[in-house]
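Shown next: structure.tsv, given as TSV, C-alpha atoms.
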chain	number	residue	atom	x	y	z
T	831	MET	CA	-24.79	5.67	14.53
T	832	ASN	CA	-23.46	8.24	12.08
T	833	PHE	CA	-22.05	11.63	12.99
T	834	PRO	CA	-21.22	14.13	10.24
T	835	LEU	CA	-18.02	16.13	10.74
T	836	SER	CA	-16.82	19.01	8.64
T	837	GLY	CA	-13.70	21.16	8.56
T	838	ASP	CA	-11.98	21.32	11.92
T	839	GLU	CA	-14.98	20.10	13.90
T	840	CYS	CA	-14.39	17.33	16.41
T	841	LEU	CA	-16.64	14.82	18.08
T	842	LEU	CA	-16.39	14.57	21.85
T	843	VAL	CA	-17.39	11.25	23.41
T	844	GLU	CA	-17.56	11.36	27.19
T	845	GLY	CA	-17.93	8.64	29.79
T	846	ASP	CA	-18.03	9.07	33.55
T	847	SER	CA	-14.27	9.43	33.96
T	848	SER	CA	-12.77	9.41	30.48
T	849	PHE	CA	-13.28	10.82	27.02
T	850	ILE	CA	-12.14	10.58	23.44
T	851	LEU	CA	-11.89	13.40	20.91
T	852	VAL	CA	-12.42	12.41	17.28
T	853	GLY	CA	-11.39	14.48	14.28
T	854	THR	CA	-10.91	13.77	10.59
T	855	SER	CA	-7.98	14.48	8.33
T	856	ALA	CA	-8.55	17.19	5.74
T	857	GLU	CA	-5.85	16.02	3.35
T	858	LEU	CA	-3.62	13.24	2.16
T	859	PHE	CA	-0.29	13.06	3.98
T	860	SER	CA	2.37	10.68	5.20
T	861	LEU	CA	2.36	10.15	8.97
T	862	CYS	CA	5.56	8.71	10.41
T	863	ILE	CA	5.36	6.18	13.23
T	864	GLU	CA	8.64	5.94	15.11
T	865	THR	CA	9.52	2.83	17.11
T	866	TYR	CA	12.80	2.27	18.96
T	867	ASP	CA	14.47	0.77	15.89
T	868	ALA	CA	12.32	1.53	12.88
T	869	GLU	CA	10.21	4.09	11.07
T	870	PHE	CA	6.95	3.34	9.29
T	871	CYS	CA	5.28	5.90	7.06
T	872	GLN	CA	1.53	5.49	7.08
T	873	THR	CA	-0.55	7.13	4.39
T	874	VAL	CA	-3.35	9.17	5.90
T	875	GLU	CA	-6.16	9.95	3.49
T	876	ALA	CA	-8.72	12.73	3.65
T	877	GLY	CA	-11.46	11.71	6.05
T	878	ASP	CA	-9.34	9.24	8.04
T	879	LEU	CA	-9.97	9.35	11.77
T	880	ILE	CA	-7.67	10.96	14.31
T	881	VAL	CA	-8.68	9.76	17.76
T	882	VAL	CA	-7.23	11.13	21.00
T	883	SER	CA	-8.04	9.00	24.02
T	884	ALA	CA	-7.89	10.27	27.59
T	885	PRO	CA	-8.46	7.16	29.74
T	886	GLU	CA	-8.42	9.19	32.95
T	887	GLY	CA	-10.05	12.31	31.53
T	888	GLY	CA	-8.20	15.61	31.64
T	889	ASP	CA	-8.12	18.95	29.92
T	890	LEU	CA	-9.88	19.02	26.56
T	891	ARG	CA	-7.45	21.62	25.28
T	892	GLN	CA	-4.63	19.10	25.68
T	893	ALA	CA	-6.57	16.56	23.61
T	894	TRP	CA	-7.37	19.13	20.95
T	895	MET	CA	-3.72	20.24	20.76
T	896	LEU	CA	-2.60	16.63	20.39
T	897	LEU	CA	-5.17	16.10	17.64
T	898	GLU	CA	-4.05	19.25	15.82
T	899	LEU	CA	-0.37	18.32	16.12
T	900	VAL	CA	-1.19	15.30	13.98
T	901	ARG	CA	-3.96	16.70	11.77
T	902	THR	CA	-2.44	20.06	10.91
T	903	TYR	CA	1.26	19.69	11.62
T	904	HIS	CA	1.69	15.97	10.79
T	905	GLN	CA	3.72	15.41	13.95
T	906	PRO	CA	5.28	11.90	13.94
T	907	LEU	CA	3.93	9.42	16.49
T	908	LEU	CA	6.43	8.02	18.97
T	909	VAL	CA	5.90	4.44	20.13
T	910	LEU	CA	7.49	3.27	23.37
T	911	SER	CA	9.03	-0.17	23.78
T	912	LYS	CA	6.90	-2.69	25.64
T	913	ASP	CA	8.27	-2.16	29.14
T	914	HIS	CA	9.28	1.45	28.82
T	915	PRO	CA	8.79	3.28	32.14
T	916	GLY	CA	7.52	6.36	30.32
T	917	ALA	CA	4.19	4.65	29.54
T	918	LYS	CA	2.87	5.71	32.93
T	919	ARG	CA	3.51	9.37	32.08
T	920	LEU	CA	1.15	9.36	29.13
T	921	SER	CA	-2.22	10.79	30.08
T	922	MET	CA	-3.46	10.88	26.48
T	923	VAL	CA	-2.69	8.82	23.40
T	924	VAL	CA	-3.56	9.15	19.73
T	925	SER	CA	-4.30	6.80	16.84
T	926	VAL	CA	-4.87	7.55	13.17
T	927	ALA	CA	-6.67	5.14	10.84
T	928	SER	CA	-9.83	4.64	8.82
T	929	LYS	CA	-11.18	2.31	11.51
T	930	ILE	CA	-10.18	2.36	15.17
T	931	VAL	CA	-11.19	0.10	18.06
T	932	LEU	CA	-10.86	1.20	21.69
T	933	ARG	CA	-9.20	-1.33	23.99
T	934	SER	CA	-8.64	-1.20	27.71
T	935	THR	CA	-6.34	-4.23	27.60
T	936	ILE	CA	-3.33	-2.76	25.83
T	937	ARG	CA	-0.35	-0.98	27.30
T	938	ARG	CA	-0.44	2.74	26.82
T	939	GLY	CA	1.78	4.19	24.11
T	940	THR	CA	3.49	0.91	23.19
T	941	HIS	CA	1.50	-0.33	20.19
T	942	PRO	CA	2.40	1.00	16.75
T	943	GLU	CA	-0.72	-0.56	15.21
T	944	GLN	CA	-3.03	2.34	14.48
T	945	HIS	CA	-6.30	0.38	14.38
T	946	LEU	CA	-6.20	0.20	18.19
T	947	VAL	CA	-6.10	2.88	20.84
T	948	CYS	CA	-6.02	2.33	24.57
T	949	SER	CA	-9.02	3.51	26.54
T	950	SER	CA	-10.79	3.23	29.84
T	951	GLU	CA	-12.89	0.18	30.53
T	952	GLU	CA	-16.09	2.14	30.06
T	953	MET	CA	-15.18	2.71	26.40
T	954	ASN	CA	-13.63	-0.70	25.76
T	955	GLY	CA	-14.85	-2.28	22.53
T	956	LEU	CA	-16.22	0.86	20.96
T	957	SER	CA	-15.39	0.83	17.27
T	958	LEU	CA	-15.20	3.94	15.10
T	959	GLU	CA	-15.10	3.99	11.33
T	960	LYS	CA	-14.74	6.80	8.83
T	961	THR	CA	-17.67	7.56	6.55
T	962	PRO	CA	-17.97	9.94	3.57
T	963	GLU	CA	-19.62	12.44	5.92
T	964	GLY	CA	-17.70	11.92	9.14
T	965	VAL	CA	-17.61	9.01	11.56
T	966	SER	CA	-19.82	6.09	12.51
T	967	PHE	CA	-19.96	4.09	15.75
T	968	SER	CA	-20.35	0.35	15.72
T	969	GLN	CA	-22.95	0.39	18.46
T	970	LYS	CA	-25.30	2.73	20.22
T	971	ARG	CA	-24.02	3.45	23.72
T	972	ASP	CA	-26.48	5.19	26.01
T	973	ASP	CA	-23.85	5.44	28.75
T	974	LEU	CA	-21.68	7.72	26.64
T	975	LYS	CA	-22.42	11.36	25.91
T	976	VAL	CA	-21.65	12.50	22.37
T	977	SER	CA	-21.41	16.14	21.35
T	978	LEU	CA	-20.00	18.20	18.55
T	979	TYR	CA	-16.88	20.08	19.46
T	980	ARG	CA	-15.48	23.15	17.74
T	981	PRO	CA	-11.99	24.46	18.50
T	982	ASP	CA	-13.24	27.94	19.36
T	983	THR	CA	-15.20	26.44	22.25
T	984	VAL	CA	-12.20	24.65	23.70
T	985	SER	CA	-11.16	27.46	25.98
T	986	ASN	CA	-14.62	27.46	27.55
T	987	ARG	CA	-14.59	23.77	28.41
T	988	GLU	CA	-12.57	21.85	30.91
W	1	MET	CA	-1.13	10.87	56.07
W	2	SER	CA	-4.47	12.56	56.03
W	3	LYS	CA	-7.69	10.67	55.49
W	4	ARG	CA	-8.38	12.79	52.42
W	5	TYR	CA	-5.02	11.84	50.89
W	6	ILE	CA	-5.64	8.15	51.52
W	7	GLU	CA	-9.10	8.42	49.91
W	8	LYS	CA	-7.61	10.19	46.90
W	9	CYS	CA	-5.01	7.44	46.44
W	10	SER	CA	-7.66	4.79	46.85
W	11	ASN	CA	-9.85	6.38	44.19
W	12	ARG	CA	-6.90	6.67	41.83
W	13	ALA	CA	-5.98	3.00	42.36
W	14	ASP	CA	-9.60	2.03	41.70
W	15	ARG	CA	-9.60	3.98	38.46
W	16	CYS	CA	-6.26	2.48	37.41
W	17	ASN	CA	-7.80	-0.98	37.58
W	18	LYS	CA	-10.40	0.09	35.04
W	19	MET	CA	-8.28	1.63	32.32
W	20	CYS	CA	-5.66	0.67	29.83
W	21	SER	CA	-2.46	-0.52	31.42
W	22	VAL	CA	0.36	1.90	32.15
W	23	GLY	CA	2.99	-0.71	32.89
W	24	GLY	CA	1.24	-3.48	34.79
W	25	PRO	CA	1.01	-7.09	33.73
W	26	ILE	CA	-2.18	-6.74	31.68
W	27	ASP	CA	-1.52	-6.59	27.97
W	28	ILE	CA	-2.37	-8.39	24.80
W	29	ASP	CA	0.10	-9.41	22.14
W	30	LEU	CA	-0.86	-8.54	18.63
W	31	ALA	CA	-0.03	-11.50	16.44
W	32	GLU	CA	0.04	-9.64	13.16
W	33	GLY	CA	2.60	-7.05	14.22
W	34	ILE	CA	3.32	-4.19	11.88
W	35	LYS	CA	4.73	-4.83	8.44
W	36	GLY	CA	5.74	-2.26	5.88
W	37	LYS	CA	7.15	-2.24	2.40
W	38	LYS	CA	10.23	-0.33	1.20
W	39	TYR	CA	9.75	2.43	-1.33
W	40	ARG	CA	11.89	4.97	-3.12
W	41	CYS	CA	10.48	8.38	-4.01
W	42	ASN	CA	10.98	9.14	-7.70
W	43	ASP	CA	10.87	12.88	-7.05
W	44	CYS	CA	13.28	13.37	-4.13
W	45	GLY	CA	15.03	10.00	-3.79
W	46	GLU	CA	13.88	9.36	-0.20
W	47	ILE	CA	13.78	5.70	0.82
W	48	PHE	CA	11.15	4.80	3.37
W	49	THR	CA	9.03	1.99	4.78
W	50	GLY	CA	5.43	2.63	3.81
W	51	LEU	CA	2.18	1.29	5.21
W	52	GLY	CA	-1.08	1.09	3.32
W	53	LYS	CA	-2.18	0.85	-0.27
W	54	HIS	CA	-1.25	4.36	-1.37
W	55	PRO	CA	2.29	5.13	-0.13
W	56	VAL	CA	3.27	8.78	0.04
W	57	CYS	CA	6.81	10.09	0.48
W	58	PRO	CA	7.30	11.44	4.04
W	59	SER	CA	9.79	14.06	2.81
W	60	CYS	CA	8.07	15.66	-0.18
W	61	GLN	CA	4.55	14.14	0.09
W	62	SER	CA	4.76	12.87	-3.49
W	63	ASP	CA	2.90	9.70	-4.41
W	64	ASN	CA	5.32	9.10	-7.28
W	65	VAL	CA	7.08	6.22	-5.51
W	66	THR	CA	8.36	2.79	-6.52
W	67	ALA	CA	8.50	-0.33	-4.40
W	68	ILE	CA	12.01	-1.69	-3.96
W	69	VAL	CA	13.21	-5.11	-2.84
For this file, produce the structure as structure tokens.
Amino acid sequence: MNFPLSGDECLLVEGDSSFILVGTSAELFSLCIETYDAEFCQTVEAGDLIVVSAPEGGDLRQAWMLLELVRTYHQPLLVLSKDHPGAKRLSMVVSVASKIVLRSTIRRGTHPEQHLVCSSEEMNGLSLEKTPEGVSFSQKRDDLKVSLYRPDTVSNRE
Amino acid sequence: MSKRYIEKCSNRADRCNKMCSVGGPIDIDLAEGIKGKKYRCNDCGEIFTGLGKHPVCPSCQSDNVTAIV
């Protein structure tokens, strides 16, 4: 399943109790990933995916802001150590890569690997890959609702 | 405690069992880990650990970089 994305458009994928917001990078930049003792600088190319996952749902504006912090402002990503108590405070997480798999079996905010992002069980296993036009899904999922999302509509949606 | 509060907590606990872990015992270990390579920027002198095939300097965004040992 292919979904074209242009400019600052986003793709909203909704389940019963969770959602992901998918955007693409407009430019080449270096994204820093900060762990407790190291820094890795990942090259993000134009068209790479920026995926914000909200495993418990929440406000779409929060997801969009998080996406824009990375896409527009190149905000570094902070990775918590494995047993960090702050993991339970994270209602949304973000990953940036050309291909991203959603996993419900990882601990939130503690994996620096950008090809994975934690999700709810209903989205577990969904794989997203960048295409020249936008994004493609590995499988057709009738249980998930997919819609195009523009920033100027954010304030009208919950 | 009100019945409504107990139901709310119960629903939340149910949802927590169906989402990525926030500190519980469920987790997978990623065998490959994350490995980078050291680079020096030829434009600004920044030294950094880069990931990917096309390293870009995090300070000046230049791709004029050299791998260092």
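Among the candidate residues T:Glu952, T:Leu890, T:Gly916, T:Phe967, the one lying nearest to Leu842 (chain T) is T:Leu890, with distances computed using all atoms listed in the file.
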Name the residues in contact with Pro834 (chain T) at a cut-off of 12 Å, using only C-alpha atoms, excluding same-chain residues fewer than 5 positions from it; report them as a list in words. Glu839, Cys840, Leu841, Val852, Gly853, Thr854, Gly877, Glu959, Lys960, Thr961, Pro962, Glu963, Gly964, Val965, Ser966, Phe967, Ser977, Leu978 and Tyr979 of chain T
Among the residues T:Ser968, T:Gln892, T:Ser925, T:Ser848, the one that comes closest to chain W [using only C-alpha atoms]: T:Ser848
Once you count all atoms listed in the file, what closest atom pair and distance in Å to one decimal does each residue of chain T within 10 Å of chain W have, with rows by chain and rising residue number, as a tab-separated table?
residue	atom	partner	partner_atom	distance
T:Ser847	CA	W:Arg15	CA	8.5
T:Ser848	CA	W:Met19	CA	9.2
T:Leu858	CA	W:Gln61	CA	8.5
T:Phe859	CA	W:Gln61	CA	6.3
T:Ser860	CA	W:Pro58	CA	5.1
T:Leu861	CA	W:Pro58	CA	7.1
T:Cys862	CA	W:Pro58	CA	7.1
T:Ile863	CA	W:Leu51	CA	9.9
T:Ala868	CA	W:Thr49	CA	8.8
T:Glu869	CA	W:Thr49	CA	6.7
T:Phe870	CA	W:Thr49	CA	5.1
T:Cys871	CA	W:Gly50	CA	4.6
T:Gln872	CA	W:Leu51	CA	4.6
T:Thr873	CA	W:Pro55	CA	5.7
T:Val874	CA	W:Gly52	CA	8.8
T:Glu875	CA	W:His54	CA	8.9
T:Ala884	CA	W:Met19	CA	9.9
T:Pro885	CA	W:Met19	CA	6.1
T:Glu886	CA	W:Met19	CA	7.6
T:His904	CA	W:Pro58	CA	9.9
T:Lys912	CA	W:Gly23	CA	8.5
T:Asp913	CA	W:Gly23	CA	6.6
T:His914	CA	W:Gly23	CA	7.8
T:Pro915	CA	W:Gly23	CA	7.1
T:Gly916	CA	W:Val22	CA	8.6
T:Ala917	CA	W:Val22	CA	5.4
T:Lys918	CA	W:Val22	CA	4.6
T:Arg919	CA	W:Val22	CA	8.1
T:Leu920	CA	W:Val22	CA	8.1
T:Ser921	CA	W:Val22	CA	9.5
T:Leu932	CA	W:Cys20	CA	9.7
T:Arg933	CA	W:Cys20	CA	7.1
T:Ser934	CA	W:Cys20	CA	4.1
T:Thr935	CA	W:Asp27	CA	5.4
T:Ile936	CA	W:Asp27	CA	4.7
T:Arg937	CA	W:Ser21	CA	4.7
T:Arg938	CA	W:Val22	CA	5.5
T:Gly939	CA	W:Val22	CA	8.5
T:Thr940	CA	W:Val22	CA	9.5
T:His941	CA	W:Leu30	CA	8.7
T:Pro942	CA	W:Ile34	CA	7.2
T:Glu943	CA	W:Ile34	CA	6.4
T:Gln944	CA	W:Ile34	CA	9.5
T:Val947	CA	W:Cys20	CA	9.3
T:Cys948	CA	W:Cys20	CA	5.5
T:Ser949	CA	W:Cys20	CA	5.5
T:Ser950	CA	W:Met19	CA	3.9
T:Glu951	CA	W:Lys18	CA	5.2
T:Glu952	CA	W:Lys18	CA	7.8
T:Met953	CA	W:Met19	CA	9.2
T:Asn954	CA	W:Met19	CA	8.8
Distance of CA of Val976 (chain T) from CA of Val924 (chain T), expressed in Å to one decimal place: 18.6 Å
Pairwise distance for CA of Ser957 (chain T) and CA of Lys929 (chain T), rounded to one decimal in Å: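 Between CA of Ser957 (chain T) and CA of Lys929 (chain T) the gap is 7.3 Å.
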Here's a test: counting all atoms listed in the file, identify every protein, DNA and RNA residue with an atom at most 9 Å from (15.1, -2.7, -4.7) in the file's coordinate frame, and state them as a PDB file with C-alpha atoms, in the frame of the given file.
ATOM      1  CA  LYS W  38      10.230  -0.330   1.200  1.00  0.00           C
ATOM      2  CA  TYR W  39       9.750   2.430  -1.330  1.00  0.00           C
ATOM      3  CA  ARG W  40      11.890   4.970  -3.120  1.00  0.00           C
ATOM      4  CA  THR W  66       8.360   2.790  -6.520  1.00  0.00           C
ATOM      5  CA  ALA W  67       8.500  -0.330  -4.400  1.00  0.00           C
ATOM      6  CA  ILE W  68      12.010  -1.690  -3.960  1.00  0.00           C
ATOM      7  CA  VAL W  69      13.210  -5.110  -2.840  1.00  0.00           C
TER       8      VAL W  69
END
Near-Glu898 (chain T) list (10 Å; all atoms listed in the file; drop same-chain fewer than 5 positions) as JSON, numbers by chain: {"T": [838, 853, 855, 880, 892, 893, 903, 904, 905, 981]}
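All protein and nucleic acid residues in the vicinity of (0.1, 9.6, 17.3), that is within 7 Å when counting only C-alpha atoms, are T:Val900, T:Pro906, T:Leu907, T:Leu908, T:Val923, T:Val924, T:Ser925, T:Val926.
Between CA of Met895 (chain T) and CA of Phe833 (chain T) lies a distance of 21.7 Å.
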Hey, what's within 7 Å of Asn64 (chain W) if we count only C-alpha atoms and toss same-chain stuff fewer than 6 positions away? As a PyMOL selection string, please? chain W and resi 41-43
Could you work out an axis-aligned box for region 963-970 of chain T, taking every atom the file lists and adding 5 Å on each side, and report centre and edge lengths in Å to one decimal, as JSON?
{"center_x": -21.5, "center_y": 6.4, "center_z": 13.1, "size_x": 17.7, "size_y": 22.1, "size_z": 24.3}
